[in-house]
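Chemist: Let me begin by handing over the structure; questions about it come next.
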There are 2 protein chains.
Amino acid sequence: MSNDKREHIMEVAVELFSTNGFEGTSIRQLAQRADVNIAMINYYFGSKEKLFETMLEHKASYMRNRIEAVEADQSLTEIEKLDQIIEDYVARFLSQPEFHRVLQQELLVSQREALHQNVISLFAKNTQNVVAIIEKGIRKKQFRKVDPPLVFSSIIGTINQVMQSRTLCNMLMNKASDNNPYQDPQFKKRLIQHLKQMIHAQLLIEKDI
Amino acid sequence: MSNDKREHIMEVAVELFSTNGFEGTSIRQLAQRADVNIAMINYYFGSKEKLFETMLEHKASYMRNRIEAVEADQSLTEIEKLDQIIEDYVARFLSQPEFHRVLQQELLVSQREALHQNVISLFAKNTQNVVAIIEKGIRKKQFRKVDPPLVFSSIIGTINQVMQSRTLCNMLMNKASDNNPYQDPQFKKRLIQHLKQMIHAQLLIEKDI
DNA sequence: AAAAGTTAATTAAACGTTTGTTTAAATTCT
DNA sequence: AGAATTTAAACAAACGTTTAATTAACTTTT
């Protein structure tokens, strides 16, 4: 089986799904853009929905749980772990903006129930780990008595917010509308610094910000 | 013209659009759920897309810019303005979860270009005002030298994050999956408190948190 | 090493549904 | 009576999918 072609189709799929949504993308449109015959998509993936699932699985496997490794690392303090997680998240999201837009869409829309639940439990997994770290920091009296799940929501929500729309992000950052903030290393730095400053100020009791 | 019926259709529309997306919702499905004839939608609104636009406009008019009023209020300090804005945002979002999910979808998907731009400029407007408040606070040396647009992204992003999926929100908050967090006054209180604490800790130089 | 045979890949065309929309007749309201 | 509303039926277009025929790529046989 020509894996190149399969991957090429998935690449085009994530692109189209991210800008037009799943229902808003037709097989014909996809086939034309990928320069393959319409029947090839069903030949390779079985159905449009299977293509979607396969593509998600394929993309998700690229970025599997570094967070668990960070949590287990005994040599890091709790705040260092959070810093590490912030850097990881930002790096991942920025490296695959289209994929993460598709994930967000799938969270918002509960049309394909099974997939919807899959994406939810994927998020839930990461939540548990980060919440556990924050709770540990509180128990050790290194952190203030914050609301752990909402702190996590603020980290992930901030990133999601700027990833939601390139145009909106440029507007926010006062950049030209043809700019691509997600490939701009300065934007990445800025986002990481903001998140760290926010988390440090909110969590740390001693003020060494 | 029977305005009741028009509004009823729009009510069902925002419900279906929020769970199935615009493309994922069919006129027939909508007509059946609203208990009207299929042709009535085109009779009242002209087309499916016009219904969508009209519904957005109708819903948006309910929650027009209190933020501008808050900004103009001379009797409030900058941090008090931000507190007020946080309360306003949370109250609005929680009162219309379906509508805001539709807005978020429209930001993610750039299928209907004109509408997409409309939603963007609606957000952009609010951004400008909040950013201006934060900048003023920095100039007055009441706030730390934070990144104003990203601070705003964190506020709005946190709310969006918990509004994205009821299931995810319940999972996050350790509630039963049939719970409706958006109608729970305790959740509202918790969210507001978290946001205020976050913003205060991050912005205020003196530590009267 | 060439030919025959077998499987995999690719194609254009057609399939039955479903889509949003329109029509023209019937009903209701003023 | 006349205008606004409501209806069931029909419209063409687009949808995801399947089919059956053709080409390409390997394997096996001689």
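Ordered as shown in the structure tokens, chains take letters A, B, and onward, while each chain numbers its residues from 1 and ligands are numbered from 1 in the order shown.
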For chain B, list the residues within 10 Å of chain D, counting only C-alpha atoms (C1' of nucleotides), and write the list as a ChimeraX atom specification.

Modeler: /B:1-2,36-40,43

Chemist: Keeping all heavy atoms for every residue in the selection just given, could you write it to a file as a PDB file, in the first residue's frame?

Modeler:
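Result went into part-v9.pdb, see below:
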ATOM      1  N   MET B   1     -46.644  39.727  10.302  1.00  0.00           N
ATOM      2  CA  MET B   1     -45.785  38.534  10.371  1.00  0.00           C
ATOM      3  C   MET B   1     -45.732  37.980  11.796  1.00  0.00           C
ATOM      4  O   MET B   1     -45.515  38.716  12.753  1.00  0.00           O
ATOM      5  CB  MET B   1     -44.367  38.905   9.921  1.00  0.00           C
ATOM      6  CG  MET B   1     -43.845  37.969   8.822  1.00  0.00           C
ATOM      7  SD  MET B   1     -42.095  38.155   8.600  1.00  0.00           S
ATOM      8  CE  MET B   1     -41.973  38.330   6.814  1.00  0.00           C
ATOM      9  N   SER B   2     -45.904  36.708  11.895  1.00  0.00           N
ATOM     10  CA  SER B   2     -45.901  36.081  13.207  1.00  0.00           C
ATOM     11  C   SER B   2     -44.488  36.041  13.799  1.00  0.00           C
ATOM     12  O   SER B   2     -43.681  35.176  13.493  1.00  0.00           O
ATOM     13  CB  SER B   2     -46.447  34.653  13.080  1.00  0.00           C
ATOM     14  OG  SER B   2     -46.155  33.930  14.233  1.00  0.00           O
ATOM     15  N   VAL B  36     -42.533  23.002  12.308  1.00  0.00           N
ATOM     16  CA  VAL B  36     -43.062  23.858  11.233  1.00  0.00           C
ATOM     17  C   VAL B  36     -42.764  23.198   9.893  1.00  0.00           C
ATOM     18  O   VAL B  36     -41.933  22.303   9.802  1.00  0.00           O
ATOM     19  CB  VAL B  36     -42.414  25.258  11.244  1.00  0.00           C
ATOM     20  CG1 VAL B  36     -42.709  25.984  12.537  1.00  0.00           C
ATOM     21  CG2 VAL B  36     -40.919  25.182  10.997  1.00  0.00           C
ATOM     22  N   ASN B  37     -43.444  23.639   8.865  1.00  0.00           N
ATOM     23  CA  ASN B  37     -43.201  23.114   7.523  1.00  0.00           C
ATOM     24  C   ASN B  37     -41.837  23.559   7.013  1.00  0.00           C
ATOM     25  O   ASN B  37     -41.368  24.661   7.326  1.00  0.00           O
ATOM     26  CB  ASN B  37     -44.306  23.596   6.587  1.00  0.00           C
ATOM     27  CG  ASN B  37     -44.244  22.897   5.241  1.00  0.00           C
ATOM     28  OD1 ASN B  37     -43.460  23.293   4.380  1.00  0.00           O
ATOM     29  ND2 ASN B  37     -45.046  21.872   5.070  1.00  0.00           N
ATOM     30  N   ILE B  38     -41.216  22.673   6.198  1.00  0.00           N
ATOM     31  CA  ILE B  38     -39.862  22.967   5.695  1.00  0.00           C
ATOM     32  C   ILE B  38     -39.812  24.312   4.995  1.00  0.00           C
ATOM     33  O   ILE B  38     -38.851  25.067   5.127  1.00  0.00           O
ATOM     34  CB  ILE B  38     -39.399  21.895   4.677  1.00  0.00           C
ATOM     35  CG1 ILE B  38     -39.843  20.496   5.111  1.00  0.00           C
ATOM     36  CG2 ILE B  38     -37.916  21.941   4.491  1.00  0.00           C
ATOM     37  CD1 ILE B  38     -39.792  19.508   3.969  1.00  0.00           C
ATOM     38  N   ALA B  39     -40.852  24.598   4.236  1.00  0.00           N
ATOM     39  CA  ALA B  39     -40.853  25.811   3.401  1.00  0.00           C
ATOM     40  C   ALA B  39     -40.909  27.088   4.239  1.00  0.00           C
ATOM     41  O   ALA B  39     -40.540  28.163   3.763  1.00  0.00           O
ATOM     42  CB  ALA B  39     -42.016  25.770   2.428  1.00  0.00           C
ATOM     43  N   MET B  40     -41.354  26.955   5.470  1.00  0.00           N
ATOM     44  CA  MET B  40     -41.509  28.147   6.307  1.00  0.00           C
ATOM     45  C   MET B  40     -40.193  28.845   6.602  1.00  0.00           C
ATOM     46  O   MET B  40     -40.142  30.053   6.770  1.00  0.00           O
ATOM     47  CB  MET B  40     -42.189  27.765   7.630  1.00  0.00           C
ATOM     48  CG  MET B  40     -43.618  27.303   7.477  1.00  0.00           C
ATOM     49  SD  MET B  40     -44.591  28.454   6.500  1.00  0.00           S
ATOM     50  CE  MET B  40     -44.662  29.858   7.611  1.00  0.00           C
ATOM     51  N   TYR B  43     -39.469  30.837   3.735  1.00  0.00           N
ATOM     52  CA  TYR B  43     -40.497  31.879   3.669  1.00  0.00           C
ATOM     53  C   TYR B  43     -40.157  33.022   4.634  1.00  0.00           C
ATOM     54  O   TYR B  43     -40.226  34.192   4.288  1.00  0.00           O
ATOM     55  CB  TYR B  43     -41.858  31.277   4.013  1.00  0.00           C
ATOM     56  CG  TYR B  43     -42.985  32.270   4.036  1.00  0.00           C
ATOM     57  CD1 TYR B  43     -43.507  32.804   2.852  1.00  0.00           C
ATOM     58  CD2 TYR B  43     -43.525  32.696   5.245  1.00  0.00           C
ATOM     59  CE1 TYR B  43     -44.538  33.714   2.879  1.00  0.00           C
ATOM     60  CE2 TYR B  43     -44.564  33.611   5.275  1.00  0.00           C
ATOM     61  CZ  TYR B  43     -45.066  34.120   4.091  1.00  0.00           C
ATOM     62  OH  TYR B  43     -46.092  35.033   4.122  1.00  0.00           O
TER      63      TYR B  43
END

Chemist: Under the rule of at most 6 Å, produce a per-residue listing of chain A near chain B: chain, number, name, the closest pair of atoms, and the distance in Å, as JSON lines, using only C-alpha atoms.

Modeler:
{"residue": "A:Thr19", "atom": "CA", "partner": "B:Val109", "partner_atom": "CA", "distance": 5.1}
{"residue": "A:Asn20", "atom": "CA", "partner": "B:Gln111", "partner_atom": "CA", "distance": 5.2}
{"residue": "A:Glu23", "atom": "CA", "partner": "B:Glu23", "partner_atom": "CA", "distance": 5.6}
{"residue": "A:Gly24", "atom": "CA", "partner": "B:Glu23", "partner_atom": "CA", "distance": 5.8}
{"residue": "A:Leu108", "atom": "CA", "partner": "B:Gln164", "partner_atom": "CA", "distance": 5.5}
{"residue": "A:Val109", "atom": "CA", "partner": "B:Thr19", "partner_atom": "CA", "distance": 5.1}
{"residue": "A:Ser110", "atom": "CA", "partner": "B:Thr19", "partner_atom": "CA", "distance": 5.5}
{"residue": "A:Gln111", "atom": "CA", "partner": "B:Asn20", "partner_atom": "CA", "distance": 5.2}
{"residue": "A:Pro149", "atom": "CA", "partner": "B:Leu172", "partner_atom": "CA", "distance": 6.0}
{"residue": "A:Ser153", "atom": "CA", "partner": "B:Thr158", "partner_atom": "CA", "distance": 5.6}
{"residue": "A:Ser154", "atom": "CA", "partner": "B:Thr158", "partner_atom": "CA", "distance": 4.5}
{"residue": "A:Gly157", "atom": "CA", "partner": "B:Gly157", "partner_atom": "CA", "distance": 4.3}
{"residue": "A:Thr158", "atom": "CA", "partner": "B:Ser154", "partner_atom": "CA", "distance": 4.5}
{"residue": "A:Gln161", "atom": "CA", "partner": "B:Gly157", "partner_atom": "CA", "distance": 5.0}
{"residue": "A:Gln164", "atom": "CA", "partner": "B:Leu108", "partner_atom": "CA", "distance": 5.5}
{"residue": "A:Ser165", "atom": "CA", "partner": "B:Leu108", "partner_atom": "CA", "distance": 6.0}
{"residue": "A:Leu172", "atom": "CA", "partner": "B:Pro149", "partner_atom": "CA", "distance": 5.9}
{"residue": "A:Met198", "atom": "CA", "partner": "B:Gln202", "partner_atom": "CA", "distance": 5.5}
{"residue": "A:Ala201", "atom": "CA", "partner": "B:Gln202", "partner_atom": "CA", "distance": 5.1}
{"residue": "A:Gln202", "atom": "CA", "partner": "B:Ala201", "partner_atom": "CA", "distance": 5.1}

Chemist: Go ahead and save the residues from that selection, with all heavy atoms, as a compact mmCIF listing (two decimals), in the first residue's frame.

Modeler:
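For reference, selection.txt as written:
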# COMPACT_ATOMS: atom_id res chain seq x y z
N THR A 19 -10.34 24.37 8.05
CA THR A 19 -10.91 25.64 7.57
C THR A 19 -12.39 25.54 7.23
O THR A 19 -13.10 26.53 7.32
CB THR A 19 -10.16 26.19 6.34
OG1 THR A 19 -10.18 25.21 5.31
CG2 THR A 19 -8.73 26.53 6.69
N ASN A 20 -12.86 24.34 6.84
CA ASN A 20 -14.26 24.21 6.42
C ASN A 20 -15.10 23.33 7.34
O ASN A 20 -16.31 23.23 7.15
CB ASN A 20 -14.34 23.64 5.00
CG ASN A 20 -13.59 24.47 4.00
OD1 ASN A 20 -13.41 25.67 4.18
ND2 ASN A 20 -13.11 23.85 2.95
N GLU A 23 -18.27 18.46 8.14
CA GLU A 23 -19.44 18.45 7.26
C GLU A 23 -19.27 19.44 6.09
O GLU A 23 -19.84 19.22 5.03
CB GLU A 23 -20.71 18.81 8.04
CG GLU A 23 -21.32 17.65 8.78
CD GLU A 23 -20.67 17.46 10.15
OE1 GLU A 23 -19.87 18.32 10.54
OE2 GLU A 23 -20.95 16.44 10.79
N GLY A 24 -18.49 20.47 6.30
CA GLY A 24 -18.31 21.48 5.27
C GLY A 24 -17.29 21.11 4.21
O GLY A 24 -17.08 21.84 3.24
N LEU A 108 -16.50 21.16 20.19
CA LEU A 108 -17.67 22.03 20.13
C LEU A 108 -18.88 21.33 19.57
O LEU A 108 -20.01 21.55 20.00
CB LEU A 108 -17.35 23.27 19.27
CG LEU A 108 -16.57 24.39 19.94
CD1 LEU A 108 -16.10 25.40 18.92
CD2 LEU A 108 -17.46 25.08 20.98
N VAL A 109 -18.64 20.48 18.57
CA VAL A 109 -19.72 19.80 17.87
C VAL A 109 -19.82 18.37 18.39
O VAL A 109 -18.83 17.67 18.45
CB VAL A 109 -19.47 19.81 16.35
CG1 VAL A 109 -20.47 18.94 15.64
CG2 VAL A 109 -19.50 21.23 15.82
N SER A 110 -21.03 17.96 18.77
CA SER A 110 -21.15 16.58 19.24
C SER A 110 -22.00 15.77 18.28
O SER A 110 -22.97 15.14 18.64
CB SER A 110 -21.73 16.54 20.65
OG SER A 110 -22.67 17.57 20.85
N GLN A 111 -21.61 15.85 17.02
CA GLN A 111 -22.30 15.14 15.95
C GLN A 111 -21.89 13.68 15.91
O GLN A 111 -22.72 12.79 15.95
CB GLN A 111 -21.96 15.82 14.61
CG GLN A 111 -22.60 15.21 13.40
CD GLN A 111 -23.87 15.95 13.03
OE1 GLN A 111 -24.87 15.89 13.71
NE2 GLN A 111 -23.81 16.66 11.93
N PRO A 149 -8.39 22.93 38.61
CA PRO A 149 -8.91 22.70 37.25
C PRO A 149 -9.10 23.98 36.46
O PRO A 149 -8.90 24.00 35.24
CB PRO A 149 -10.26 22.03 37.48
CG PRO A 149 -10.40 21.80 38.92
CD PRO A 149 -9.30 22.45 39.65
N SER A 153 -7.54 25.25 32.98
CA SER A 153 -8.38 25.80 31.92
C SER A 153 -7.84 27.12 31.40
O SER A 153 -7.96 27.42 30.21
CB SER A 153 -9.80 26.02 32.44
OG SER A 153 -10.38 24.80 32.81
N SER A 154 -7.25 27.89 32.28
CA SER A 154 -6.70 29.18 31.85
C SER A 154 -5.48 29.00 30.96
O SER A 154 -5.32 29.71 29.97
CB SER A 154 -6.34 30.04 33.07
OG SER A 154 -7.52 30.49 33.70
N GLY A 157 -6.86 27.31 27.78
CA GLY A 157 -7.80 28.24 27.16
C GLY A 157 -7.11 29.42 26.50
O GLY A 157 -7.55 29.88 25.44
N THR A 158 -6.06 29.92 27.12
CA THR A 158 -5.32 31.02 26.53
C THR A 158 -4.73 30.61 25.19
O THR A 158 -4.84 31.32 24.18
CB THR A 158 -4.17 31.47 27.46
OG1 THR A 158 -4.70 31.81 28.74
CG2 THR A 158 -3.43 32.66 26.87
N GLN A 161 -7.39 30.12 22.62
CA GLN A 161 -7.94 31.41 22.20
C GLN A 161 -7.14 32.02 21.05
O GLN A 161 -7.71 32.46 20.06
CB GLN A 161 -7.96 32.37 23.40
CG GLN A 161 -8.60 33.71 23.12
CD GLN A 161 -10.08 33.59 22.80
OE1 GLN A 161 -10.73 32.63 23.18
NE2 GLN A 161 -10.60 34.55 22.05
N GLN A 164 -7.44 29.98 17.74
CA GLN A 164 -8.77 29.83 17.17
C GLN A 164 -8.87 30.38 15.75
O GLN A 164 -9.47 29.77 14.88
CB GLN A 164 -9.78 30.55 18.07
CG GLN A 164 -11.16 30.01 18.01
CD GLN A 164 -12.00 30.48 19.18
OE1 GLN A 164 -11.95 31.64 19.57
NE2 GLN A 164 -12.76 29.58 19.76
N SER A 165 -8.26 31.52 15.55
CA SER A 165 -8.32 32.15 14.23
C SER A 165 -7.05 32.96 13.99
O SER A 165 -6.68 33.79 14.81
CB SER A 165 -9.56 33.04 14.15
OG SER A 165 -9.34 34.13 13.29
N LEU A 172 -5.27 40.84 17.33
CA LEU A 172 -4.94 40.94 18.74
C LEU A 172 -3.51 41.47 18.92
O LEU A 172 -3.25 42.30 19.79
CB LEU A 172 -5.06 39.55 19.36
CG LEU A 172 -5.43 39.41 20.82
CD1 LEU A 172 -6.85 39.87 21.04
CD2 LEU A 172 -5.27 37.97 21.26
N MET A 198 1.90 34.69 34.26
CA MET A 198 0.56 34.57 34.82
C MET A 198 0.51 33.49 35.91
O MET A 198 0.01 33.72 37.01
CB MET A 198 -0.43 34.24 33.70
CG MET A 198 -1.87 34.06 34.14
SD MET A 198 -2.97 33.80 32.72
CE MET A 198 -2.89 32.02 32.55
N ALA A 201 2.72 34.39 39.04
CA ALA A 201 2.09 35.42 39.87
C ALA A 201 0.91 34.85 40.63
O ALA A 201 0.68 35.18 41.79
CB ALA A 201 1.65 36.59 39.00
N GLN A 202 0.17 33.98 39.96
CA GLN A 202 -1.04 33.45 40.59
C GLN A 202 -0.75 32.38 41.63
O GLN A 202 -1.43 32.30 42.65
CB GLN A 202 -1.94 32.87 39.50
CG GLN A 202 -3.32 32.48 39.98
CD GLN A 202 -4.14 31.84 38.89
OE1 GLN A 202 -3.62 31.51 37.82
NE2 GLN A 202 -5.41 31.66 39.15

Chemist: Using only C-alpha atoms (C1' of nucleotides), find which residues of chain C lie within 9 Å of chain A and jot them down as a PyMOL selection string.

Modeler: chain C and resi 8-11

Chemist: Of the residues A:His100, A:Gln32, A:Leu94, A:Asn118, which is the one nearest to A:Phe187, using only C-alpha atoms?

Modeler: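 The answer is A:Leu94, which sits nearest to A:Phe187.
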
Chemist: Using Å and a single decimal, report how far atom CA of A:Asp83 sits from atom CA of A:Tyr62.

Modeler: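 Separation of atom CA of A:Tyr62 and atom CA of A:Asp83: 21.4 Å.
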
Chemist: Which residue, B:Ser26, B:Phe99, B:Ile192, B:Ala31, has the smallest gap to B:Glu57 when you use only C-alpha atoms?

Modeler: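 Checking each candidate against B:Glu57, we get B:Phe99 as the closest.
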
Chemist: Can you list, as a ChimeraX atom specification, every protein, DNA or RNA residue that comes within 12 Å of A:Glu11 when you count only C-alpha atoms (C1' of nucleotides), leaving out same-chain residues fewer than 6 positions away?

Modeler: /A:4-5,17-18,30-31,33-34,51-52,54-56,58-59,96,98-99

Chemist: Rank B:Leu122, B:Ile27, B:Ala60, B:Met10 by their smallest atom-to-atom distance to C:DT19, using only C-alpha atoms (C1' of nucleotides), and report the top residue only.

Modeler: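 Nearest to C:DT19: B:Ile27.
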
Chemist: Mind checking DSSP for stretch 55-154 of chain A and telling me the helix (DSSP H, G or I) residues as JSON, numbers by chain?

Modeler: {"A": [55, 56, 57, 58, 59, 60, 61, 62, 63, 66, 67, 68, 69, 70, 71, 72, 78, 79, 80, 81, 82, 83, 84, 85, 86, 87, 88, 89, 90, 91, 92, 93, 94, 95, 97, 98, 99, 100, 101, 102, 103, 104, 105, 106, 107, 108, 113, 114, 115, 116, 117, 118, 119, 120, 121, 122, 123, 124, 125, 126, 127, 128, 129, 130, 131, 132, 133, 134, 135, 136, 137, 138, 139, 148, 149, 150, 151, 152, 153, 154]}

Chemist: Set the distance at 10 Å and use only C-alpha atoms (C1' of nucleotides): which residues neighbour A:Glu135 once local chain neighbours fewer than 2 positions away are removed? I'd like the list as a PyMOL selection string.

Modeler: chain A and resi 78+129-133+137-141+143-149

Chemist: How many Å separate atom CA of B:Gln142 from atom CA of B:Arg66?

Modeler: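 Distance between the two atoms: 23.7 Å.
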
Chemist: Atom CA of A:Ile67 to atom CA of A:Ile85: how many Å, to one decimal?

Modeler: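 Atom CA of A:Ile67 sits 6.5 Å away from atom CA of A:Ile85.
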